[in-house]
Every structure is written in C-alpha cells, then in structure tokens.
file coords_25.cif (mmCIF, C-alpha atoms)
data_structure
#
loop_
_atom_site.group_PDB
_atom_site.id
_atom_site.type_symbol
_atom_site.label_atom_id
_atom_site.label_comp_id
_atom_site.auth_asym_id
_atom_site.auth_seq_id
_atom_site.Cartn_x
_atom_site.Cartn_y
_atom_site.Cartn_z
ATOM 1 C CA MET A 1 -118.354 50.032 -35.210
ATOM 2 C CA LEU A 2 -121.442 52.208 -35.049
ATOM 3 C CA LYS A 3 -121.678 55.794 -33.801
ATOM 4 C CA THR A 4 -124.773 57.947 -33.232
ATOM 5 C CA GLU A 5 -124.579 61.737 -33.046
ATOM 6 C CA ARG A 6 -126.854 64.773 -33.036
ATOM 7 C CA THR A 7 -130.017 62.981 -31.913
ATOM 8 C CA SER A 8 -133.253 65.006 -31.957
ATOM 9 C CA VAL A 9 -136.658 63.724 -30.802
ATOM 10 C CA MET A 10 -139.649 65.775 -31.883
ATOM 11 C CA ASN A 11 -143.431 66.149 -31.828
ATOM 12 C CA PHE A 12 -144.456 64.458 -28.559
ATOM 13 C CA GLU A 13 -147.110 67.088 -27.819
ATOM 14 C CA ASN A 14 -148.786 66.900 -31.218
ATOM 15 C CA ALA A 15 -148.640 63.098 -31.202
ATOM 16 C CA ILE A 16 -150.378 62.703 -27.833
ATOM 17 C CA ARG A 17 -152.966 65.347 -28.736
ATOM 18 C CA GLY A 18 -153.770 63.352 -31.859
ATOM 19 C CA ALA A 19 -153.996 60.188 -29.767
ATOM 20 C CA ARG A 20 -156.807 61.879 -27.821
ATOM 21 C CA ASN A 21 -158.804 62.820 -30.928
ATOM 22 C CA PRO A 22 -160.906 59.607 -31.104
ATOM 23 C CA MET A 23 -162.391 60.202 -27.634
ATOM 24 C CA ASN A 24 -162.297 64.035 -27.693
ATOM 25 C CA SER A 25 -160.365 63.822 -24.416
ATOM 26 C CA TRP A 26 -158.074 66.817 -24.938
ATOM 27 C CA ALA A 27 -159.149 68.317 -21.609
ATOM 28 C CA ARG A 28 -157.302 65.494 -19.838
ATOM 29 C CA MET A 29 -153.958 66.495 -21.332
ATOM 30 C CA ASP A 30 -151.516 67.260 -18.520
ATOM 31 C CA SER A 31 -148.051 67.202 -20.120
ATOM 32 C CA THR A 32 -145.640 70.123 -19.799
ATOM 33 C CA TYR A 33 -142.165 71.315 -20.796
ATOM 34 C CA ASP A 34 -139.239 71.728 -18.419
ATOM 35 C CA ALA A 35 -136.995 74.791 -18.225
ATOM 36 C CA GLU A 36 -134.787 73.428 -21.030
ATOM 37 C CA GLY A 37 -137.733 72.894 -23.376
ATOM 38 C CA ASN A 38 -137.907 69.118 -22.972
ATOM 39 C CA PHE A 39 -141.346 67.534 -23.198
ATOM 40 C CA ILE A 40 -142.516 65.948 -19.931
ATOM 41 C CA PHE A 41 -145.452 63.551 -20.046
ATOM 42 C CA GLY A 42 -148.136 64.157 -17.432
ATOM 43 C CA GLU A 43 -149.675 61.289 -15.491
ATOM 44 C CA ASN A 44 -152.832 61.164 -17.642
ATOM 45 C CA ASP A 45 -150.968 61.403 -20.932
ATOM 46 C CA ILE A 46 -148.312 58.775 -20.167
ATOM 47 C CA ASP A 47 -150.999 56.374 -18.933
ATOM 48 C CA LEU A 48 -152.870 56.733 -22.231
ATOM 49 C CA ALA A 49 -149.664 56.548 -24.287
ATOM 50 C CA LYS A 50 -148.533 53.324 -22.596
ATOM 51 C CA ARG A 51 -151.930 51.659 -22.988
ATOM 52 C CA LEU A 52 -152.141 52.545 -26.684
ATOM 53 C CA ALA A 53 -148.547 51.486 -27.328
ATOM 54 C CA LYS A 54 -149.211 48.028 -25.891
ATOM 55 C CA ALA A 55 -152.577 47.652 -27.669
ATOM 56 C CA GLY A 56 -151.023 46.987 -31.080
ATOM 57 C CA SER A 57 -150.065 48.870 -34.214
ATOM 58 C CA ASP A 58 -153.673 49.792 -35.090
ATOM 59 C CA HIS A 59 -154.055 51.655 -31.780
ATOM 60 C CA ARG A 60 -150.612 53.224 -31.473
ATOM 61 C CA LYS A 61 -150.659 55.285 -34.653
ATOM 62 C CA PHE A 62 -149.512 58.268 -32.580
ATOM 63 C CA LEU A 63 -146.054 56.664 -32.289
ATOM 64 C CA ARG A 64 -145.593 57.220 -36.016
ATOM 65 C CA GLN A 65 -145.823 60.943 -35.281
ATOM 66 C CA ILE A 66 -142.954 60.963 -32.773
ATOM 67 C CA PHE A 67 -139.983 61.708 -35.004
ATOM 68 C CA VAL A 68 -136.297 60.999 -34.423
ATOM 69 C CA SER A 69 -133.413 62.450 -36.415
ATOM 70 C CA VAL A 70 -129.880 61.131 -35.899
ATOM 71 C CA ASP A 71 -126.533 60.986 -37.659
ATOM 72 C CA ILE A 72 -125.336 57.375 -37.817
ATOM 73 C CA THR A 73 -121.829 56.385 -38.865
ATOM 74 C CA ALA A 74 -121.581 52.681 -39.617
ATOM 75 C CA PRO A 75 -119.969 50.256 -42.075
ATOM 76 C CA LEU A 76 -121.550 49.511 -45.425
ATOM 77 C CA TYR A 77 -122.262 45.912 -44.405
ATOM 78 C CA TRP A 78 -124.512 47.254 -41.613
ATOM 79 C CA TRP A 79 -126.230 49.819 -43.832
ATOM 80 C CA LYS A 80 -127.163 46.988 -46.193
ATOM 81 C CA GLU A 81 -129.163 45.404 -43.369
ATOM 82 C CA PHE A 82 -130.587 48.720 -42.154
ATOM 83 C CA ASP A 83 -132.132 49.278 -45.596
ATOM 84 C CA THR A 84 -134.688 46.632 -44.596
ATOM 85 C CA TYR A 85 -136.367 49.427 -42.617
ATOM 86 C CA LYS A 86 -136.878 51.887 -45.460
ATOM 87 C CA VAL A 87 -140.652 52.065 -44.895
ATOM 88 C CA GLY A 88 -141.324 55.233 -42.904
ATOM 89 C CA THR A 89 -137.663 56.206 -42.750
ATOM 90 C CA VAL A 90 -135.518 58.672 -44.685
ATOM 91 C CA ALA A 91 -131.721 58.753 -44.981
ATOM 92 C CA ASN A 92 -129.297 61.120 -46.678
ATOM 93 C CA SER A 93 -125.820 59.659 -46.967
ATOM 94 C CA CYS A 94 -122.328 60.942 -47.568
ATOM 95 C CA SER A 95 -121.438 60.131 -51.171
ATOM 96 C CA THR A 96 -118.687 57.661 -52.010
ATOM 97 C CA MET A 97 -119.293 58.338 -55.710
ATOM 98 C CA HIS A 98 -118.454 62.031 -55.436
ATOM 99 C CA LYS A 99 -116.151 62.215 -52.423
ATOM 100 C CA ILE A 100 -114.178 58.969 -52.213
ATOM 101 C CA HIS A 101 -111.072 60.628 -53.673
ATOM 102 C CA THR A 102 -111.087 63.812 -51.579
ATOM 103 C CA LYS A 103 -109.229 62.536 -48.490
ATOM 104 C CA PRO A 104 -106.501 59.954 -47.866
ATOM 105 C CA PHE A 105 -107.592 56.442 -46.952
ATOM 106 C CA GLU A 106 -106.657 55.426 -43.423
ATOM 107 C CA ARG A 107 -107.505 52.595 -41.073
ATOM 108 C CA GLU A 108 -110.045 54.656 -39.106
ATOM 109 C CA ASP A 109 -112.208 54.926 -42.246
ATOM 110 C CA PHE A 110 -113.068 51.239 -41.782
ATOM 111 C CA SER A 111 -114.727 49.183 -39.052
ATOM 112 C CA HIS A 112 -111.948 46.940 -37.789
ATOM 113 C CA ASP A 113 -112.643 46.560 -34.065
ATOM 114 C CA ARG A 114 -113.142 42.783 -34.296
ATOM 115 C CA LEU A 115 -110.490 41.871 -36.844
ATOM 116 C CA THR A 116 -107.712 39.441 -35.996
ATOM 117 C CA ASP A 117 -104.076 40.490 -36.459
ATOM 118 C CA ASP A 118 -103.724 38.778 -39.838
ATOM 119 C CA ALA A 119 -106.988 40.330 -41.039
ATOM 120 C CA LEU A 120 -105.715 43.755 -39.972
ATOM 121 C CA GLU A 121 -102.607 43.202 -42.083
ATOM 122 C CA ALA A 122 -104.807 42.375 -45.066
ATOM 123 C CA LEU A 123 -106.891 45.500 -44.457
ATOM 124 C CA ASP A 124 -103.791 47.673 -44.198
ATOM 125 C CA ALA A 125 -102.512 46.277 -47.492
ATOM 126 C CA LEU A 126 -105.820 47.062 -49.182
ATOM 127 C CA ILE A 127 -105.844 50.564 -47.690
ATOM 128 C CA ALA A 128 -102.356 51.158 -49.081
ATOM 129 C CA TYR A 129 -103.496 50.075 -52.548
ATOM 130 C CA LEU A 130 -106.663 52.203 -52.396
ATOM 131 C CA GLU A 131 -104.588 55.198 -51.348
ATOM 132 C CA SER A 132 -102.176 54.698 -54.250
ATOM 133 C CA GLU A 133 -105.105 54.590 -56.680
ATOM 134 C CA ARG A 134 -106.619 57.668 -55.060
ATOM 135 C CA GLN A 135 -103.410 59.630 -55.515
ATOM 136 C CA LYS A 136 -103.208 58.592 -59.169
ATOM 137 C CA PHE A 137 -106.807 59.676 -59.740
ATOM 138 C CA VAL A 138 -106.224 63.050 -58.057
ATOM 139 C CA VAL A 139 -103.340 63.690 -60.459
ATOM 140 C CA ASN A 140 -105.212 62.502 -63.528
ATOM 141 C CA LYS A 141 -108.991 62.566 -63.146
ATOM 142 C CA ASP A 142 -109.447 61.747 -66.836
ATOM 143 C CA GLU A 143 -108.092 58.252 -66.175
ATOM 144 C CA ARG A 144 -111.193 56.651 -64.686
ATOM 145 C CA SER A 145 -109.624 53.225 -64.174
ATOM 146 C CA HIS A 146 -108.135 54.418 -60.855
ATOM 147 C CA TRP A 147 -111.553 55.632 -59.687
ATOM 148 C CA HIS A 148 -113.177 52.323 -60.638
ATOM 149 C CA ASN A 149 -110.446 50.443 -58.802
ATOM 150 C CA MET A 150 -111.310 52.380 -55.645
ATOM 151 C CA ILE A 151 -115.067 51.936 -55.990
ATOM 152 C CA GLN A 152 -115.012 48.240 -56.884
ATOM 153 C CA LEU A 153 -112.415 47.252 -54.282
ATOM 154 C CA LEU A 154 -113.882 49.341 -51.466
ATOM 155 C CA PRO A 155 -114.630 46.808 -48.692
ATOM 156 C CA SER A 156 -117.988 46.632 -46.951
ATOM 157 C CA SER A 157 -116.263 47.640 -43.715
ATOM 158 C CA PHE A 158 -115.956 51.208 -45.074
ATOM 159 C CA ASN A 159 -117.740 53.586 -42.693
ATOM 160 C CA GLN A 160 -120.421 55.883 -44.062
ATOM 161 C CA MET A 161 -122.362 58.611 -42.262
ATOM 162 C CA ARG A 162 -126.062 59.092 -42.955
ATOM 163 C CA THR A 163 -128.588 61.488 -41.458
ATOM 164 C CA VAL A 164 -131.591 59.292 -40.688
ATOM 165 C CA THR A 165 -135.179 60.187 -39.808
ATOM 166 C CA LEU A 166 -137.333 57.530 -38.130
ATOM 167 C CA ASN A 167 -140.291 57.364 -35.791
ATOM 168 C CA TYR A 168 -141.056 55.450 -32.604
ATOM 169 C CA GLU A 169 -143.054 52.812 -34.483
ATOM 170 C CA ASN A 170 -140.005 52.092 -36.680
ATOM 171 C CA LEU A 171 -137.892 51.810 -33.555
ATOM 172 C CA ILE A 172 -140.173 49.197 -31.964
ATOM 173 C CA GLY A 173 -139.679 46.986 -35.024
ATOM 174 C CA ILE A 174 -135.925 47.543 -35.111
ATOM 175 C CA TYR A 175 -135.449 46.967 -31.391
ATOM 176 C CA TYR A 176 -137.272 43.646 -31.189
ATOM 177 C CA ALA A 177 -135.953 42.309 -34.500
ATOM 178 C CA ARG A 178 -132.298 43.186 -33.895
ATOM 179 C CA ARG A 179 -131.520 43.390 -30.180
ATOM 180 C CA ASN A 180 -130.125 39.826 -30.157
ATOM 181 C CA HIS A 181 -128.448 40.021 -33.572
ATOM 182 C CA LYS A 182 -124.909 38.705 -33.966
ATOM 183 C CA LEU A 183 -123.677 42.011 -35.425
ATOM 184 C CA ALA A 184 -122.363 44.213 -32.619
ATOM 185 C CA GLU A 185 -123.539 47.331 -34.476
ATOM 186 C CA TRP A 186 -127.157 46.383 -33.853
ATOM 187 C CA HIS A 187 -126.504 46.118 -30.112
ATOM 188 C CA THR A 188 -125.028 49.617 -30.129
ATOM 189 C CA LEU A 189 -128.075 50.957 -31.979
ATOM 190 C CA CYS A 190 -130.481 49.184 -29.619
ATOM 191 C CA ASP A 191 -128.662 50.715 -26.642
ATOM 192 C CA TRP A 192 -129.131 54.113 -28.280
ATOM 193 C CA ILE A 193 -132.838 53.379 -28.833
ATOM 194 C CA MET A 194 -133.330 52.536 -25.167
ATOM 195 C CA ASN A 195 -131.779 55.861 -24.152
ATOM 196 C CA LEU A 196 -134.363 57.875 -26.109
ATOM 197 C CA PRO A 197 -137.027 59.746 -24.101
ATOM 198 C CA TYR A 198 -139.720 57.391 -22.741
ATOM 199 C CA ALA A 199 -138.208 54.388 -24.546
ATOM 200 C CA ASN A 200 -139.074 52.070 -21.653
ATOM 201 C CA ASP A 201 -142.713 53.154 -21.845
ATOM 202 C CA LEU A 202 -143.282 53.440 -25.586
ATOM 203 C CA ILE A 203 -140.668 51.263 -27.355
ATOM 204 C CA ALA A 204 -139.827 48.352 -25.012
ATOM 205 C CA ILE A 205 -143.504 47.508 -24.860
ATOM 206 C CA LYS A 206 -143.116 43.709 -24.935
ATOM 207 C CA ASP A 207 -140.766 43.490 -21.952
#
call {"tool": "encode", "arguments": {"input": "coords_25.cif", "output": "structure tokens"}}
result
Amino acid sequence: MLKTERTSVMNFENAIRGARNPMNSWARMDSTYDAEGNFIFGENDIDLAKRLAKAGSDHRKFLRQIFVSVDITAPLYWWKEFDTYKVGTVANSCSTMHKIHTKPFEREDFSHDRLTDDALEALDALIAYLESERQKFVVNKDERSHWHNMIQLLPSSFNQMRTVTLNYENLIGIYYARRNHKLAEWHTLCDWIMNLPYANDLIAIKD
C-alpha cells in the first residue's frame, strides 16, 4: 500500500529562466500562468525544456530546480528502499519512537493488501500482542520492556507517513529504476510521477 497526498510542484518559471542563462535567451520566454495560478509552458520554453531534458544530466540542470513536495504513506519495507534516493531529497517522518504508544494498533496501520488468509491471521495475532503491550506501557511508562517489545516486534509492513521534497531530476532516476519493480508500491509511485505537470515531456524522456 502506498498513498500520496498534498502534492505541490514549484519553481517552473525560475527553472526555465535559469535554463536560458547560458545563451542569454530570456527574450524568447513565452510561458504564462492560467487563472488558477498554474504555470503553463509556452511553445518556445517547452521546446527548449524538452531538448535539454533529453540531452543528459549535464544539460538538464534546470530540472533540479523544479521542486515537488508530497506526503507519502507507505510501509517501512518500502521506505527502506526509498532511502536509496537520499541525494537531493529531504524527508520528515512521523515518529515511531515518540508516538507508537499514542493510538491503538489496528489492521489498517499495516500494509496487508497482498497477504493470504493465513498471513492475515498471523498479522492479527501480532497486532493483538502489540496492542496489549501498548496498553501496559500507557499504564506504566516507567516499565520500558513493553515499549521495547513494541519497537522490536513492529513489522516492516507498518505504515509511516513522511513529507518528502524531491525534484524532477530525482524523479527521472526513480521512474526508470523502479517502474518495473516487483513491489506494487513502486508502481503506485510511478503512476503518481507520471501525473505530475509536464511529466511526459520532462520525466519520461527515454520513452
């Protein structure tokens, strides 16, 4: 399970202006904003942007200045793989260390959409144990053994939300490295990537 929320894409205008700096071609800028404040590439600007994007990482530096912020909720086993992309990205996560005891454990806290029936039974049994330890810790926070039992038995299917900042250059790498991955979460993220503004022009550059 992977969920994306509150997506913001920023800085198109500044990025394309910077892309024109090497040739001092600012007079050819023809992009605008629509009535809702969305950036709309002009014919000249999108032509330049597409050519630079396909010319390689040395030429498409402007893509590193197109920023994306998004809240991603995903299981810990997926976040472990996402951490491969820490260069040029920032993420602030919800804290299991500080907040794991503040709400009851329930099945929806875990990614379980592909579990078999017997695996679901095992998960439910673990959830019941984690919840019993949580209740004991809430009553007696000085007894840290219950807290450690929760932390050390917490399965990697536990869902965590992080606010992530990336850029379009990051997203090119993620899309082509992960779009055929066996984890379904990567397919969901790649679908989200391809729904970003101008993704077909600036991210899916090898297709």
call {"tool": "closest_atom_pairs", "arguments": {"input": "coords_25.cif", "of": "region 155-207 of chain A", "to": "region 50-60 of chain A", "cutoff": "12 Å", "atoms": "all atoms listed in the file", "output": "tab-separated table"}}
result
residue	atom	partner	partner_atom	distance
A:Asn167	CA	A:Arg60	CA	11.9
A:Tyr168	CA	A:Arg60	CA	9.9
A:Glu169	CA	A:Ser57	CA	8.0
A:Asn170	CA	A:Ser57	CA	10.8
A:Ile172	CA	A:Ala53	CA	9.8
A:Gly173	CA	A:Ser57	CA	10.6
A:Tyr198	CA	A:Lys50	CA	9.7
A:Ala199	CA	A:Lys50	CA	10.6
A:Asn200	CA	A:Lys50	CA	9.6
A:Asp201	CA	A:Lys50	CA	5.9
A:Leu202	CA	A:Ala53	CA	5.9
A:Ile203	CA	A:Ala53	CA	7.9
A:Ala204	CA	A:Lys54	CA	9.4
A:Ile205	CA	A:Lys54	CA	5.8
A:Lys206	CA	A:Lys54	CA	7.5
A:Asp207	CA	A:Lys54	CA	10.4
call {"tool": "residues_around", "arguments": {"input": "coords_25.cif", "residues": "Asn44 (chain A)", "least_positions_apart": "3", "cutoff": "7 Å", "atoms": "all atoms listed in the file", "output": "list in words"}}
result
Arg28, Met29, Asp30, Asp47 and Leu48 of chain A
call {"tool": "write_last_selection", "arguments": {"input": "coords_25.cif", "atoms": "C-alpha atoms", "output": "JSON list (two decimals), in the coordinates of the input"}}
result
[["chain", "number", "residue", "atom", "x", "y", "z"],
["A", 28, "ARG", "CA", -157.30, 65.49, -19.84],
["A", 29, "MET", "CA", -153.96, 66.50, -21.33],
["A", 30, "ASP", "CA", -151.52, 67.26, -18.52],
["A", 47, "ASP", "CA", -151.00, 56.37, -18.93],
["A", 48, "LEU", "CA", -152.87, 56.73, -22.23]]
call {"tool": "resolve_selection", "arguments": {"input": "coords_25.cif", "expression": "the PyMOL selection byres ((chain A and resi 85) around 10)", "output": "list in words"}}
result
Glu81, Phe82, Asp83, Thr84, Lys86, Val87, Gly88, Thr89, Val90, Leu166, Asn170, Leu171, Gly173 and Ile174 of chain A
call {"tool": "atom_distance", "arguments": {"input": "coords_25.cif", "atom1": "CA of Ser25 (chain A)", "atom2": "CA of Ala49 (chain A)"}}
result
12.9 Å
call {"tool": "axis_aligned_box", "arguments": {"input": "coords_25.cif", "around": "region 157-169 of chain A", "padding_each_side": "8 Å", "output": "JSON"}}
result
{"center_x": -129.5, "center_y": 54.6, "center_z": -38.8, "size_x": 43.1, "size_y": 29.8, "size_z": 28.5}
call {"tool": "residues_around", "arguments": {"input": "coords_25.cif", "residues": "region 117-128 of chain A", "least_positions_apart": "2", "cutoff": "7 Å", "atoms": "all atoms listed in the file", "output": "list of chain:residue names"}}
result
A:Phe105, A:Glu106, A:Arg107, A:Leu115, A:Leu130, A:Glu131, A:Ser132
call {"tool": "resolve_selection", "arguments": {"input": "coords_25.cif", "expression": "the PyMOL selection byres ((chain A and resi 62) around 7)", "output": "PDB file with C-alpha atoms, in the coordinates of the input"}}
result
ATOM      1  CA  ALA A  15    -148.640  63.098 -31.202  1.00  0.00           C
ATOM      2  CA  ILE A  16    -150.378  62.703 -27.833  1.00  0.00           C
ATOM      3  CA  GLY A  18    -153.770  63.352 -31.859  1.00  0.00           C
ATOM      4  CA  ALA A  19    -153.996  60.188 -29.767  1.00  0.00           C
ATOM      5  CA  ARG A  60    -150.612  53.224 -31.473  1.00  0.00           C
ATOM      6  CA  LYS A  61    -150.659  55.285 -34.653  1.00  0.00           C
ATOM      7  CA  LEU A  63    -146.054  56.664 -32.289  1.00  0.00           C
ATOM      8  CA  ARG A  64    -145.593  57.220 -36.016  1.00  0.00           C
ATOM      9  CA  GLN A  65    -145.823  60.943 -35.281  1.00  0.00           C
TER      10      GLN A  65
END
call {"tool": "closest_residue", "arguments": {"input": "coords_25.cif", "among": "A:Ile72, A:Val139, A:Val9, A:Met97", "to": "Phe39 (chain A)", "atoms": "only C-alpha atoms"}}
result
A:Val9
call {"tool": "decode", "arguments": {"input": "coords_25.cif", "residues": "region 42-74 of chain A", "atoms": "C-alpha atoms", "output": "short mmCIF file (atom, residue, chain, number, x, y, z; two decimals), in the first residue's frame"}}
result
data_model
loop_
_atom_site.label_atom_id
_atom_site.label_comp_id
_atom_site.auth_asym_id
_atom_site.auth_seq_id
_atom_site.Cartn_x
_atom_site.Cartn_y
_atom_site.Cartn_z
CA GLY A 42 4.87 28.45 -23.87
CA GLU A 43 5.86 26.90 -27.18
CA ASN A 44 9.42 28.28 -27.07
CA ASP A 45 10.01 27.32 -23.45
CA ILE A 46 8.67 23.76 -23.68
CA ASP A 47 10.72 23.15 -26.83
CA LEU A 48 13.89 24.22 -25.01
CA ALA A 49 12.95 22.29 -21.85
CA LYS A 50 12.35 19.05 -23.77
CA ARG A 51 15.60 19.34 -25.73
CA LEU A 52 17.64 19.98 -22.58
CA ALA A 53 15.91 17.20 -20.67
CA LYS A 54 16.81 14.66 -23.36
CA ALA A 55 20.39 15.96 -23.74
CA GLY A 56 21.61 14.38 -20.49
CA SER A 57 22.12 15.31 -16.86
CA ASP A 58 24.83 17.89 -17.63
CA HIS A 59 22.40 19.89 -19.79
CA ARG A 60 19.20 19.49 -17.78
CA LYS A 61 20.38 21.08 -14.55
CA PHE A 62 17.20 23.18 -14.58
CA LEU A 63 15.20 20.05 -13.67
CA ARG A 64 16.92 20.06 -10.28
CA GLN A 65 15.23 23.41 -9.67
CA ILE A 66 11.69 22.12 -10.24
CA PHE A 67 10.67 21.09 -6.73
CA VAL A 68 8.00 18.63 -5.62
CA SER A 69 6.63 18.28 -2.11
CA VAL A 70 4.33 15.37 -1.24
CA ASP A 71 3.10 13.42 1.77
CA ILE A 72 3.71 9.71 1.21
CA THR A 73 2.25 7.00 3.43
CA ALA A 74 3.93 3.65 2.84
#
